[in-house]
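As structure tokens, the structure follows; a few thoughts come after it.
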Amino acid sequence: TVMNNTTVYYDGIDRRQSIGSSVFGSVYTKENIKNPGKFIVFSAWYAAKALEMDVSECALHRESSHKQRGRKRHGKLSGLYKGSTAFPQEVFWMQRYDAVLFDVDGTLIHSRPGIFNCFAYAFRKMGLDPDAIDCSRYLGPPLRWSFAQHFATDAEVEQAVEYYRVHYEEVGSHQCSLFPGVRQMMDTLKDAGLYMATATCKPVEVVTPILKEQGLFDYFDRIGGASMDESVDNKTDVIRLVLQDPRLAGKRILMVGDRQDDMQGAVNNQLPAA
């Protein structure tokens with residue numbers, strides 16, 4: 001899902017449940033226009049198509065062919081709708097940001113195989129048939145919420161979480177890979193001087209070794225994640241915790257993710273999201 005020169009922002013309301021892969025297009029510093037600065041560019045076409053929504057739901061701007069003179073015009077994408085296969089040309093919107101908060105699973109890292117593996121393992125240990133369960137619903141939401149959809153007592157939920165985490169540490173966490181272009185994107189953002197942090201519902205103790213194994217750990221100024229207990233257990237609370245970092249004071253911040261809870265978490269913290 002790498003496509004240059006387009007961007008889309010969501011309001012976080014009534015978003016579809018899953019894109020299924022990263023919505024990133026390209027992230028870079030643009031230097032051939034007036035007042036060069038830090039710009040983030042995302043793939044509107046792929047994101048909108050994957051979400052199966054009409055692009056009119058998105059806030060999009062089109063830069064004219066006179067961009068070299070610093071002049072812009074605004075407009076809507078046309079011909080982009082559910083089922084569309086035509087990519088609109090020369091449509092993009094660049095916005096300055098000083099900091100980016102990243103979801104991890106499905107945004108930077110393709111972790112679906114390991115997550116599915118561990119849900120299947122935990123459900124089997126708890127006496128359920130994982131083949132009868134749509135585990136795609138649980139890519140992103142907190143583990144306790146996910147297991148609570150199937151088990152009635154807190155004790156059962158905690159036992160399922162424990163089975164999952166043990167198997168994830170031993171097996172699932174190693175079944176991950178970076179999405180194409182992520183490392184180059186991170187290099188560019190780092191070189192441009194942006195503050196970068198994770199904002200994931202994985203506990204910090206769980207996501208840290210994964211980021212180290214995938215070679216991403218050193219890019220981040222802060223590893224933001226959930227707690228092992230229920231005190232910080234959803235995306236809204238994770239983002240709120242990351243925003244307490246004094247280094248973010250006065251910065252223009254963007255939340256980036258691939259799931260409904262990423263968008264809603266950003267809205268709940270008055271952040272734009274992509």
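In the structure tokens, the first chain shown is A, the next is B, and so on; residue numbers restart at 1 for each chain, and ligands run from 1 in the order shown.
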
Residues of stretch 86-164 of chain A that have any atom at most 12 Å from an atom of stretch 216-227 of chain A: could you tabulate them with the shortest-distance atom pair and the distance in Å to one decimal, using only C-alpha atoms, ordered by chain and increasing number, as CSV?
residue,atom,partner,partner_atom,distance
A:Ala99,CA,A:Asp221,CA,10.0
A:Val100,CA,A:Phe220,CA,9.9
A:Leu101,CA,A:Gly224,CA,8.7
A:Phe102,CA,A:Gly224,CA,9.1
A:Asp103,CA,A:Gly225,CA,9.2
A:Val104,CA,A:Gly225,CA,9.8
A:Asp105,CA,A:Gly225,CA,11.8
A:Leu108,CA,A:Leu216,CA,9.3
A:Ile109,CA,A:Leu216,CA,9.9
A:Gly140,CA,A:Ala226,CA,11.9
A:Pro141,CA,A:Ala226,CA,11.2
A:Pro142,CA,A:Ala226,CA,8.7
A:Leu143,CA,A:Ala226,CA,10.6
A:Arg144,CA,A:Ala226,CA,11.7

Give me a file of those residues, with N, CA, C and O atoms, as a short mmCIF file (atom, residue, chain, number, x, y, z; two decimals), in the first residue's frame.
data_model
loop_
_atom_site.label_atom_id
_atom_site.label_comp_id
_atom_site.auth_asym_id
_atom_site.auth_seq_id
_atom_site.Cartn_x
_atom_site.Cartn_y
_atom_site.Cartn_z
N ALA A 99 5.48 16.25 15.19
CA ALA A 99 5.54 14.98 15.92
C ALA A 99 4.51 14.01 15.36
O ALA A 99 3.44 14.42 14.91
N VAL A 100 4.86 12.73 15.40
CA VAL A 100 3.97 11.69 14.90
C VAL A 100 3.88 10.59 15.95
O VAL A 100 4.91 10.12 16.46
N LEU A 101 2.66 10.20 16.28
CA LEU A 101 2.41 9.06 17.16
C LEU A 101 1.96 7.90 16.28
O LEU A 101 1.01 8.02 15.52
N PHE A 102 2.64 6.77 16.38
CA PHE A 102 2.38 5.63 15.52
C PHE A 102 1.72 4.48 16.28
O PHE A 102 2.20 4.05 17.33
N ASP A 103 0.63 3.98 15.73
CA ASP A 103 0.21 2.63 16.07
C ASP A 103 1.29 1.69 15.53
O ASP A 103 2.06 2.08 14.64
N VAL A 104 1.34 0.47 16.00
CA VAL A 104 2.38 -0.47 15.57
C VAL A 104 1.80 -1.58 14.70
O VAL A 104 2.12 -1.69 13.52
N ASP A 105 0.92 -2.40 15.27
CA ASP A 105 0.38 -3.54 14.52
C ASP A 105 -0.48 -3.05 13.35
O ASP A 105 -1.41 -2.26 13.53
N LEU A 108 2.98 -0.13 11.15
CA LEU A 108 4.40 -0.27 10.87
C LEU A 108 4.81 -1.71 10.63
O LEU A 108 5.68 -2.00 9.82
N ILE A 109 4.15 -2.60 11.36
CA ILE A 109 4.54 -4.01 11.36
C ILE A 109 3.38 -4.90 10.94
O ILE A 109 2.25 -4.73 11.43
N GLY A 140 -6.15 -5.09 17.04
CA GLY A 140 -6.17 -3.69 17.46
C GLY A 140 -6.76 -3.45 18.84
O GLY A 140 -6.14 -2.81 19.68
N PRO A 141 -8.00 -3.93 19.13
CA PRO A 141 -8.60 -3.68 20.43
C PRO A 141 -7.80 -4.33 21.57
O PRO A 141 -7.02 -5.27 21.35
N PRO A 142 -7.99 -3.86 22.80
CA PRO A 142 -7.31 -4.46 23.95
C PRO A 142 -7.64 -5.94 24.09
O PRO A 142 -8.75 -6.38 23.79
N LEU A 143 -6.68 -6.69 24.57
CA LEU A 143 -6.86 -8.14 24.74
C LEU A 143 -8.04 -8.45 25.66
O LEU A 143 -8.85 -9.35 25.38
N ARG A 144 -8.13 -7.75 26.77
CA ARG A 144 -9.20 -8.07 27.73
C ARG A 144 -10.58 -7.85 27.10
O ARG A 144 -11.49 -8.64 27.32
#

Within 10 Å of A:Ala122 using only C-alpha atoms, minus same-chain residues under 3 positions, as a PyMOL selection string: chain A and resi 116-119+125-128+130+147+159-168

With only C-alpha atoms as the atoms that count, which of A:Thr107, A:Asn268, A:Ser173, A:Gln149 lies nearest to A:Gln214?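 Among A:Thr107, A:Asn268, A:Ser173, A:Gln149, it is A:Ser173 that comes nearest to A:Gln214.
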
Write out as a PDB file with N, CA, C and O atoms, in the first residue's frame the set of residues from stretch 77-194 of chain A that DSSP, computed on the backbone, places in helix (DSSP H, G or I).
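Output file part.pdb is given in full below:
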ATOM      1  N   ARG A 112      -0.191  -9.699  11.773  1.00  0.00           N
ATOM      2  CA  ARG A 112      -1.402 -10.514  11.761  1.00  0.00           C
ATOM      3  C   ARG A 112      -1.137 -12.013  11.972  1.00  0.00           C
ATOM      4  O   ARG A 112      -1.843 -12.645  12.773  1.00  0.00           O
ATOM      5  N   PRO A 113      -0.157 -12.634  11.290  1.00  0.00           N
ATOM      6  CA  PRO A 113       0.039 -14.079  11.494  1.00  0.00           C
ATOM      7  C   PRO A 113       0.291 -14.460  12.938  1.00  0.00           C
ATOM      8  O   PRO A 113      -0.294 -15.423  13.454  1.00  0.00           O
ATOM      9  N   GLY A 114       1.159 -13.706  13.615  1.00  0.00           N
ATOM     10  CA  GLY A 114       1.461 -14.025  15.008  1.00  0.00           C
ATOM     11  C   GLY A 114       0.286 -13.796  15.931  1.00  0.00           C
ATOM     12  O   GLY A 114       0.046 -14.566  16.870  1.00  0.00           O
ATOM     13  N   ILE A 115      -0.476 -12.733  15.680  1.00  0.00           N
ATOM     14  CA  ILE A 115      -1.643 -12.440  16.513  1.00  0.00           C
ATOM     15  C   ILE A 115      -2.703 -13.513  16.344  1.00  0.00           C
ATOM     16  O   ILE A 115      -3.272 -14.020  17.327  1.00  0.00           O
ATOM     17  N   PHE A 116      -2.989 -13.884  15.104  1.00  0.00           N
ATOM     18  CA  PHE A 116      -3.967 -14.954  14.854  1.00  0.00           C
ATOM     19  C   PHE A 116      -3.531 -16.256  15.511  1.00  0.00           C
ATOM     20  O   PHE A 116      -4.347 -16.979  16.087  1.00  0.00           O
ATOM     21  N   ASN A 117      -2.258 -16.565  15.383  1.00  0.00           N
ATOM     22  CA  ASN A 117      -1.710 -17.779  15.978  1.00  0.00           C
ATOM     23  C   ASN A 117      -1.974 -17.805  17.480  1.00  0.00           C
ATOM     24  O   ASN A 117      -2.412 -18.832  18.037  1.00  0.00           O
ATOM     25  N   CYS A 118      -1.737 -16.669  18.137  1.00  0.00           N
ATOM     26  CA  CYS A 118      -1.864 -16.625  19.594  1.00  0.00           C
ATOM     27  C   CYS A 118      -3.319 -16.602  20.051  1.00  0.00           C
ATOM     28  O   CYS A 118      -3.652 -17.187  21.092  1.00  0.00           O
ATOM     29  N   PHE A 119      -4.193 -15.946  19.295  1.00  0.00           N
ATOM     30  CA  PHE A 119      -5.617 -16.027  19.631  1.00  0.00           C
ATOM     31  C   PHE A 119      -6.110 -17.464  19.502  1.00  0.00           C
ATOM     32  O   PHE A 119      -6.856 -17.963  20.355  1.00  0.00           O
ATOM     33  N   ALA A 120      -5.704 -18.133  18.430  1.00  0.00           N
ATOM     34  CA  ALA A 120      -6.111 -19.527  18.232  1.00  0.00           C
ATOM     35  C   ALA A 120      -5.626 -20.401  19.385  1.00  0.00           C
ATOM     36  O   ALA A 120      -6.369 -21.246  19.910  1.00  0.00           O
ATOM     37  N   TYR A 121      -4.375 -20.190  19.781  1.00  0.00           N
ATOM     38  CA  TYR A 121      -3.809 -20.961  20.887  1.00  0.00           C
ATOM     39  C   TYR A 121      -4.600 -20.719  22.176  1.00  0.00           C
ATOM     40  O   TYR A 121      -4.974 -21.670  22.880  1.00  0.00           O
ATOM     41  N   ALA A 122      -4.873 -19.453  22.490  1.00  0.00           N
ATOM     42  CA  ALA A 122      -5.578 -19.134  23.728  1.00  0.00           C
ATOM     43  C   ALA A 122      -6.999 -19.677  23.723  1.00  0.00           C
ATOM     44  O   ALA A 122      -7.478 -20.225  24.737  1.00  0.00           O
ATOM     45  N   PHE A 123      -7.698 -19.545  22.595  1.00  0.00           N
ATOM     46  CA  PHE A 123      -9.068 -20.062  22.530  1.00  0.00           C
ATOM     47  C   PHE A 123      -9.086 -21.580  22.690  1.00  0.00           C
ATOM     48  O   PHE A 123      -9.969 -22.132  23.373  1.00  0.00           O
ATOM     49  N   ARG A 124      -8.130 -22.251  22.080  1.00  0.00           N
ATOM     50  CA  ARG A 124      -8.075 -23.716  22.241  1.00  0.00           C
ATOM     51  C   ARG A 124      -7.825 -24.086  23.708  1.00  0.00           C
ATOM     52  O   ARG A 124      -8.453 -25.015  24.238  1.00  0.00           O
ATOM     53  N   LYS A 125      -6.893 -23.403  24.344  1.00  0.00           N
ATOM     54  CA  LYS A 125      -6.600 -23.672  25.754  1.00  0.00           C
ATOM     55  C   LYS A 125      -7.811 -23.428  26.641  1.00  0.00           C
ATOM     56  O   LYS A 125      -7.977 -24.087  27.674  1.00  0.00           O
ATOM     57  N   PRO A 130     -11.179 -22.115  17.616  1.00  0.00           N
ATOM     58  CA  PRO A 130     -10.828 -20.833  16.982  1.00  0.00           C
ATOM     59  C   PRO A 130     -11.308 -20.723  15.542  1.00  0.00           C
ATOM     60  O   PRO A 130     -11.488 -19.609  15.038  1.00  0.00           O
ATOM     61  N   ASP A 131     -11.536 -21.859  14.901  1.00  0.00           N
ATOM     62  CA  ASP A 131     -12.021 -21.808  13.520  1.00  0.00           C
ATOM     63  C   ASP A 131     -13.443 -21.260  13.429  1.00  0.00           C
ATOM     64  O   ASP A 131     -13.879 -20.839  12.359  1.00  0.00           O
ATOM     65  N   ALA A 132     -14.142 -21.273  14.542  1.00  0.00           N
ATOM     66  CA  ALA A 132     -15.511 -20.746  14.567  1.00  0.00           C
ATOM     67  C   ALA A 132     -15.559 -19.289  15.021  1.00  0.00           C
ATOM     68  O   ALA A 132     -16.640 -18.726  15.195  1.00  0.00           O
ATOM     69  N   CYS A 135     -11.321 -13.929  14.281  1.00  0.00           N
ATOM     70  CA  CYS A 135     -10.270 -13.257  15.045  1.00  0.00           C
ATOM     71  C   CYS A 135      -9.859 -11.919  14.435  1.00  0.00           C
ATOM     72  O   CYS A 135      -9.183 -11.124  15.102  1.00  0.00           O
ATOM     73  N   SER A 136     -10.258 -11.644  13.218  1.00  0.00           N
ATOM     74  CA  SER A 136      -9.902 -10.351  12.614  1.00  0.00           C
ATOM     75  C   SER A 136     -10.536  -9.192  13.387  1.00  0.00           C
ATOM     76  O   SER A 136     -10.049  -8.061  13.326  1.00  0.00           O
ATOM     77  N   ARG A 137     -11.612  -9.470  14.110  1.00  0.00           N
ATOM     78  CA  ARG A 137     -12.245  -8.437  14.946  1.00  0.00           C
ATOM     79  C   ARG A 137     -11.299  -7.945  16.026  1.00  0.00           C
ATOM     80  O   ARG A 137     -11.465  -6.836  16.553  1.00  0.00           O
ATOM     81  N   TYR A 138     -10.314  -8.744  16.378  1.00  0.00           N
ATOM     82  CA  TYR A 138      -9.496  -8.458  17.542  1.00  0.00           C
ATOM     83  C   TYR A 138      -8.098  -7.969  17.189  1.00  0.00           C
ATOM     84  O   TYR A 138      -7.209  -7.958  18.046  1.00  0.00           O
ATOM     85  N   LEU A 143      -6.675  -6.694  24.572  1.00  0.00           N
ATOM     86  CA  LEU A 143      -6.865  -8.139  24.743  1.00  0.00           C
ATOM     87  C   LEU A 143      -8.040  -8.453  25.665  1.00  0.00           C
ATOM     88  O   LEU A 143      -8.846  -9.347  25.377  1.00  0.00           O
ATOM     89  N   ARG A 144      -8.134  -7.751  26.772  1.00  0.00           N
ATOM     90  CA  ARG A 144      -9.200  -8.065  27.731  1.00  0.00           C
ATOM     91  C   ARG A 144     -10.577  -7.847  27.103  1.00  0.00           C
ATOM     92  O   ARG A 144     -11.495  -8.639  27.322  1.00  0.00           O
ATOM     93  N   TRP A 145     -10.717  -6.778  26.353  1.00  0.00           N
ATOM     94  CA  TRP A 145     -11.990  -6.543  25.674  1.00  0.00           C
ATOM     95  C   TRP A 145     -12.279  -7.673  24.696  1.00  0.00           C
ATOM     96  O   TRP A 145     -13.425  -8.157  24.617  1.00  0.00           O
ATOM     97  N   SER A 146     -11.272  -8.106  23.965  1.00  0.00           N
ATOM     98  CA  SER A 146     -11.457  -9.160  22.965  1.00  0.00           C
ATOM     99  C   SER A 146     -11.914 -10.461  23.604  1.00  0.00           C
ATOM    100  O   SER A 146     -12.899 -11.076  23.167  1.00  0.00           O
ATOM    101  N   PHE A 147     -11.238 -10.875  24.656  1.00  0.00           N
ATOM    102  CA  PHE A 147     -11.613 -12.134  25.294  1.00  0.00           C
ATOM    103  C   PHE A 147     -12.924 -12.015  26.066  1.00  0.00           C
ATOM    104  O   PHE A 147     -13.643 -13.019  26.239  1.00  0.00           O
ATOM    105  N   ALA A 148     -13.255 -10.821  26.500  1.00  0.00           N
ATOM    106  CA  ALA A 148     -14.521 -10.626  27.214  1.00  0.00           C
ATOM    107  C   ALA A 148     -15.734 -10.835  26.314  1.00  0.00           C
ATOM    108  O   ALA A 148     -16.852 -11.012  26.816  1.00  0.00           O
ATOM    109  N   ASP A 154     -14.303 -12.425  34.953  1.00  0.00           N
ATOM    110  CA  ASP A 154     -12.989 -11.790  34.909  1.00  0.00           C
ATOM    111  C   ASP A 154     -11.874 -12.821  34.996  1.00  0.00           C
ATOM    112  O   ASP A 154     -10.817 -12.668  34.367  1.00  0.00           O
ATOM    113  N   ALA A 155     -12.091 -13.859  35.777  1.00  0.00           N
ATOM    114  CA  ALA A 155     -11.067 -14.888  35.941  1.00  0.00           C
ATOM    115  C   ALA A 155     -10.791 -15.594  34.617  1.00  0.00           C
ATOM    116  O   ALA A 155      -9.629 -15.872  34.270  1.00  0.00           O
ATOM    117  N   GLU A 156     -11.849 -15.884  33.856  1.00  0.00           N
ATOM    118  CA  GLU A 156     -11.661 -16.525  32.556  1.00  0.00           C
ATOM    119  C   GLU A 156     -10.941 -15.599  31.586  1.00  0.00           C
ATOM    120  O   GLU A 156     -10.065 -16.031  30.825  1.00  0.00           O
ATOM    121  N   VAL A 157     -11.322 -14.340  31.603  1.00  0.00           N
ATOM    122  CA  VAL A 157     -10.674 -13.370  30.710  1.00  0.00           C
ATOM    123  C   VAL A 157      -9.183 -13.277  31.033  1.00  0.00           C
ATOM    124  O   VAL A 157      -8.339 -13.305  30.135  1.00  0.00           O
ATOM    125  N   GLU A 158      -8.852 -13.176  32.325  1.00  0.00           N
ATOM    126  CA  GLU A 158      -7.449 -13.056  32.717  1.00  0.00           C
ATOM    127  C   GLU A 158      -6.664 -14.315  32.359  1.00  0.00           C
ATOM    128  O   GLU A 158      -5.501 -14.231  31.964  1.00  0.00           O
ATOM    129  N   GLN A 159      -7.303 -15.483  32.463  1.00  0.00           N
ATOM    130  CA  GLN A 159      -6.622 -16.720  32.093  1.00  0.00           C
ATOM    131  C   GLN A 159      -6.339 -16.754  30.599  1.00  0.00           C
ATOM    132  O   GLN A 159      -5.256 -17.151  30.157  1.00  0.00           O
ATOM    133  N   ALA A 160      -7.323 -16.323  29.785  1.00  0.00           N
ATOM    134  CA  ALA A 160      -7.131 -16.283  28.335  1.00  0.00           C
ATOM    135  C   ALA A 160      -6.025 -15.303  27.967  1.00  0.00           C
ATOM    136  O   ALA A 160      -5.196 -15.576  27.080  1.00  0.00           O
ATOM    137  N   VAL A 161      -5.998 -14.143  28.629  1.00  0.00           N
ATOM    138  CA  VAL A 161      -4.944 -13.152  28.382  1.00  0.00           C
ATOM    139  C   VAL A 161      -3.579 -13.742  28.707  1.00  0.00           C
ATOM    140  O   VAL A 161      -2.602 -13.556  27.961  1.00  0.00           O
ATOM    141  N   GLU A 162      -3.492 -14.474  29.791  1.00  0.00           N
ATOM    142  CA  GLU A 162      -2.227 -15.084  30.188  1.00  0.00           C
ATOM    143  C   GLU A 162      -1.764 -16.111  29.153  1.00  0.00           C
ATOM    144  O   GLU A 162      -0.580 -16.133  28.764  1.00  0.00           O
ATOM    145  N   TYR A 163      -2.683 -16.975  28.684  1.00  0.00           N
ATOM    146  CA  TYR A 163      -2.330 -17.940  27.637  1.00  0.00           C
ATOM    147  C   TYR A 163      -1.818 -17.221  26.396  1.00  0.00           C
ATOM    148  O   TYR A 163      -0.812 -17.617  25.794  1.00  0.00           O
ATOM    149  N   TYR A 164      -2.524 -16.175  26.023  1.00  0.00           N
ATOM    150  CA  TYR A 164      -2.142 -15.416  24.822  1.00  0.00           C
ATOM    151  C   TYR A 164      -0.738 -14.833  24.984  1.00  0.00           C
ATOM    152  O   TYR A 164       0.117 -14.968  24.097  1.00  0.00           O
ATOM    153  N   ARG A 165      -0.506 -14.152  26.100  1.00  0.00           N
ATOM    154  CA  ARG A 165       0.763 -13.447  26.274  1.00  0.00           C
ATOM    155  C   ARG A 165       1.958 -14.383  26.350  1.00  0.00           C
ATOM    156  O   ARG A 165       3.028 -14.080  25.813  1.00  0.00           O
ATOM    157  N   VAL A 166       1.786 -15.504  27.010  1.00  0.00           N
ATOM    158  CA  VAL A 166       2.884 -16.468  27.089  1.00  0.00           C
ATOM    159  C   VAL A 166       3.235 -16.977  25.695  1.00  0.00           C
ATOM    160  O   VAL A 166       4.411 -17.034  25.303  1.00  0.00           O
ATOM    161  N   HIS A 167       2.212 -17.345  24.926  1.00  0.00           N
ATOM    162  CA  HIS A 167       2.457 -17.864  23.579  1.00  0.00           C
ATOM    163  C   HIS A 167       2.983 -16.761  22.661  1.00  0.00           C
ATOM    164  O   HIS A 167       3.824 -17.022  21.787  1.00  0.00           O
ATOM    165  N   TYR A 168       2.517 -15.530  22.872  1.00  0.00           N
ATOM    166  CA  TYR A 168       2.991 -14.430  22.030  1.00  0.00           C
ATOM    167  C   TYR A 168       4.464 -14.154  22.276  1.00  0.00           C
ATOM    168  O   TYR A 168       5.229 -13.910  21.330  1.00  0.00           O
ATOM    169  N   GLU A 169       4.875 -14.182  23.531  1.00  0.00           N
ATOM    170  CA  GLU A 169       6.284 -13.953  23.848  1.00  0.00           C
ATOM    171  C   GLU A 169       7.166 -15.030  23.241  1.00  0.00           C
ATOM    172  O   GLU A 169       8.243 -14.742  22.703  1.00  0.00           O
ATOM    173  N   GLU A 170       6.697 -16.268  23.302  1.00  0.00           N
ATOM    174  CA  GLU A 170       7.515 -17.386  22.828  1.00  0.00           C
ATOM    175  C   GLU A 170       7.483 -17.555  21.308  1.00  0.00           C
ATOM    176  O   GLU A 170       8.490 -17.928  20.701  1.00  0.00           O
ATOM    177  N   GLY A 172       4.518 -15.853  18.825  1.00  0.00           N
ATOM    178  CA  GLY A 172       3.849 -14.868  17.983  1.00  0.00           C
ATOM    179  C   GLY A 172       4.628 -13.600  17.711  1.00  0.00           C
ATOM    180  O   GLY A 172       4.572 -13.047  16.612  1.00  0.00           O
ATOM    181  N   SER A 173       5.382 -13.136  18.716  1.00  0.00           N
ATOM    182  CA  SER A 173       6.117 -11.886  18.551  1.00  0.00           C
ATOM    183  C   SER A 173       7.221 -11.993  17.512  1.00  0.00           C
ATOM    184  O   SER A 173       7.723 -10.976  17.018  1.00  0.00           O
ATOM    185  N   HIS A 174       7.607 -13.215  17.180  1.00  0.00           N
ATOM    186  CA  HIS A 174       8.667 -13.432  16.187  1.00  0.00           C
ATOM    187  C   HIS A 174       8.100 -13.682  14.788  1.00  0.00           C
ATOM    188  O   HIS A 174       8.864 -13.899  13.844  1.00  0.00           O
ATOM    189  N   VAL A 182       8.764   1.115   5.304  1.00  0.00           N
ATOM    190  CA  VAL A 182       8.702   1.673   6.661  1.00  0.00           C
ATOM    191  C   VAL A 182      10.067   2.177   7.115  1.00  0.00           C
ATOM    192  O   VAL A 182      10.180   3.280   7.670  1.00  0.00           O
ATOM    193  N   ARG A 183      11.110   1.405   6.887  1.00  0.00           N
ATOM    194  CA  ARG A 183      12.419   1.828   7.368  1.00  0.00           C
ATOM    195  C   ARG A 183      12.881   3.119   6.679  1.00  0.00           C
ATOM    196  O   ARG A 183      13.423   4.023   7.309  1.00  0.00           O
ATOM    197  N   GLN A 184      12.638   3.200   5.374  1.00  0.00           N
ATOM    198  CA  GLN A 184      13.007   4.418   4.649  1.00  0.00           C
ATOM    199  C   GLN A 184      12.209   5.611   5.164  1.00  0.00           C
ATOM    200  O   GLN A 184      12.740   6.725   5.299  1.00  0.00           O
ATOM    201  N   MET A 185      10.928   5.394   5.447  1.00  0.00           N
ATOM    202  CA  MET A 185      10.086   6.444   5.992  1.00  0.00           C
ATOM    203  C   MET A 185      10.614   6.922   7.340  1.00  0.00           C
ATOM    204  O   MET A 185      10.711   8.135   7.601  1.00  0.00           O
ATOM    205  N   MET A 186      10.972   5.968   8.198  1.00  0.00           N
ATOM    206  CA  MET A 186      11.468   6.335   9.521  1.00  0.00           C
ATOM    207  C   MET A 186      12.789   7.088   9.426  1.00  0.00           C
ATOM    208  O   MET A 186      13.028   8.043  10.169  1.00  0.00           O
ATOM    209  N   ASP A 187      13.657   6.673   8.504  1.00  0.00           N
ATOM    210  CA  ASP A 187      14.914   7.389   8.292  1.00  0.00           C
ATOM    211  C   ASP A 187      14.645   8.841   7.906  1.00  0.00           C
ATOM    212  O   ASP A 187      15.287   9.766   8.411  1.00  0.00           O
ATOM    213  N   THR A 188      13.683   9.035   7.005  1.00  0.00           N
ATOM    214  CA  THR A 188      13.384  10.387   6.520  1.00  0.00           C
ATOM    215  C   THR A 188      12.820  11.261   7.629  1.00  0.00           C
ATOM    216  O   THR A 188      13.203  12.426   7.781  1.00  0.00           O
ATOM    217  N   LEU A 189      11.886  10.702   8.407  1.00  0.00           N
ATOM    218  CA  LEU A 189      11.311  11.468   9.508  1.00  0.00           C
ATOM    219  C   LEU A 189      12.358  11.803  10.572  1.00  0.00           C
ATOM    220  O   LEU A 189      12.372  12.904  11.122  1.00  0.00           O
ATOM    221  N   LYS A 190      13.208  10.850  10.853  1.00  0.00           N
ATOM    222  CA  LYS A 190      14.267  11.082  11.842  1.00  0.00           C
ATOM    223  C   LYS A 190      15.208  12.170  11.358  1.00  0.00           C
ATOM    224  O   LYS A 190      15.571  13.088  12.117  1.00  0.00           O
ATOM    225  N   ASP A 191      15.612  12.094  10.080  1.00  0.00           N
ATOM    226  CA  ASP A 191      16.510  13.103   9.521  1.00  0.00           C
ATOM    227  C   ASP A 191      15.860  14.487   9.521  1.00  0.00           C
ATOM    228  O   ASP A 191      16.541  15.507   9.634  1.00  0.00           O
TER     229      ASP A 191
END

Write down as JSON, numbers by chain the residues of stretch 61-274 of chain A whose backbone DSSP state falls under strand (DSSP E). {"A": [95, 96, 99, 100, 101, 102, 109, 110, 177, 178, 195, 196, 197, 198, 199, 200, 201, 202, 203, 222, 223, 224, 225, 226, 253, 254, 255, 256]}

Limited to C-alpha atoms, could you put the picked residues into a file as a PDB file, in the first residue's frame?
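Result file out_34.pdb:
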ATOM      1  CA  GLN A  95       0.442  19.447   6.185  1.00  0.00           C
ATOM      2  CA  ARG A  96       3.156  20.463   8.607  1.00  0.00           C
ATOM      3  CA  ALA A  99       5.537  14.985  15.922  1.00  0.00           C
ATOM      4  CA  VAL A 100       3.966  11.691  14.904  1.00  0.00           C
ATOM      5  CA  LEU A 101       2.409   9.056  17.161  1.00  0.00           C
ATOM      6  CA  PHE A 102       2.378   5.626  15.524  1.00  0.00           C
ATOM      7  CA  ILE A 109       4.544  -4.013  11.365  1.00  0.00           C
ATOM      8  CA  HIS A 110       2.686  -6.840   9.649  1.00  0.00           C
ATOM      9  CA  SER A 177       7.757  -8.253   9.493  1.00  0.00           C
ATOM     10  CA  LEU A 178       8.028  -4.599   8.521  1.00  0.00           C
ATOM     11  CA  TYR A 195       9.514  13.659  17.399  1.00  0.00           C
ATOM     12  CA  MET A 196       8.263  10.077  17.064  1.00  0.00           C
ATOM     13  CA  ALA A 197       6.511   7.865  19.579  1.00  0.00           C
ATOM     14  CA  THR A 198       4.488   4.684  19.530  1.00  0.00           C
ATOM     15  CA  ALA A 199       0.893   4.680  20.754  1.00  0.00           C
ATOM     16  CA  THR A 200      -0.067   1.031  20.810  1.00  0.00           C
ATOM     17  CA  CYS A 201      -2.437  -1.087  22.872  1.00  0.00           C
ATOM     18  CA  LYS A 202       0.364  -3.581  23.290  1.00  0.00           C
ATOM     19  CA  PRO A 203       1.939  -3.216  26.733  1.00  0.00           C
ATOM     20  CA  ARG A 222       9.212   7.434  23.442  1.00  0.00           C
ATOM     21  CA  ILE A 223       7.678   3.962  23.498  1.00  0.00           C
ATOM     22  CA  GLY A 224       4.045   4.545  24.395  1.00  0.00           C
ATOM     23  CA  GLY A 225       1.841   1.572  25.094  1.00  0.00           C
ATOM     24  CA  ALA A 226      -0.688  -0.005  27.407  1.00  0.00           C
ATOM     25  CA  ILE A 253       1.003  16.253  16.468  1.00  0.00           C
ATOM     26  CA  LEU A 254      -0.453  13.628  14.135  1.00  0.00           C
ATOM     27  CA  MET A 255      -1.750  10.202  15.184  1.00  0.00           C
ATOM     28  CA  VAL A 256      -1.248   7.481  12.579  1.00  0.00           C
TER      29      VAL A 256
END

Closest of A:Asp129, A:Asp134, A:Asp261, A:Asp98 to A:Asp233 - atom-to-atom distances counting only C-alpha atoms: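 Checking each of A:Asp129, A:Asp134, A:Asp261, A:Asp98 against A:Asp233, counting only C-alpha atoms, the winner is A:Asp261.
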
I'd like the contact shell of A:Leu271 - 10 Å cut-off, only C-alpha atoms, skipping same-chain residues fewer than 5 positions apart - returned as a PyMOL selection string. chain A and resi 11-12+239+252-255+263-266

For atom CA of A:Val267 and atom CA of A:Pro180, the interatomic separation in Å (one decimal):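 Separating atom CA of A:Val267 from atom CA of A:Pro180 is a distance of 27.9 Å.
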
Which residue is closest to A:Gln244? Choose from A:Tyr97, A:Asn269, A:Glu213, A:Ala152 and count only C-alpha atoms. A:Asn269
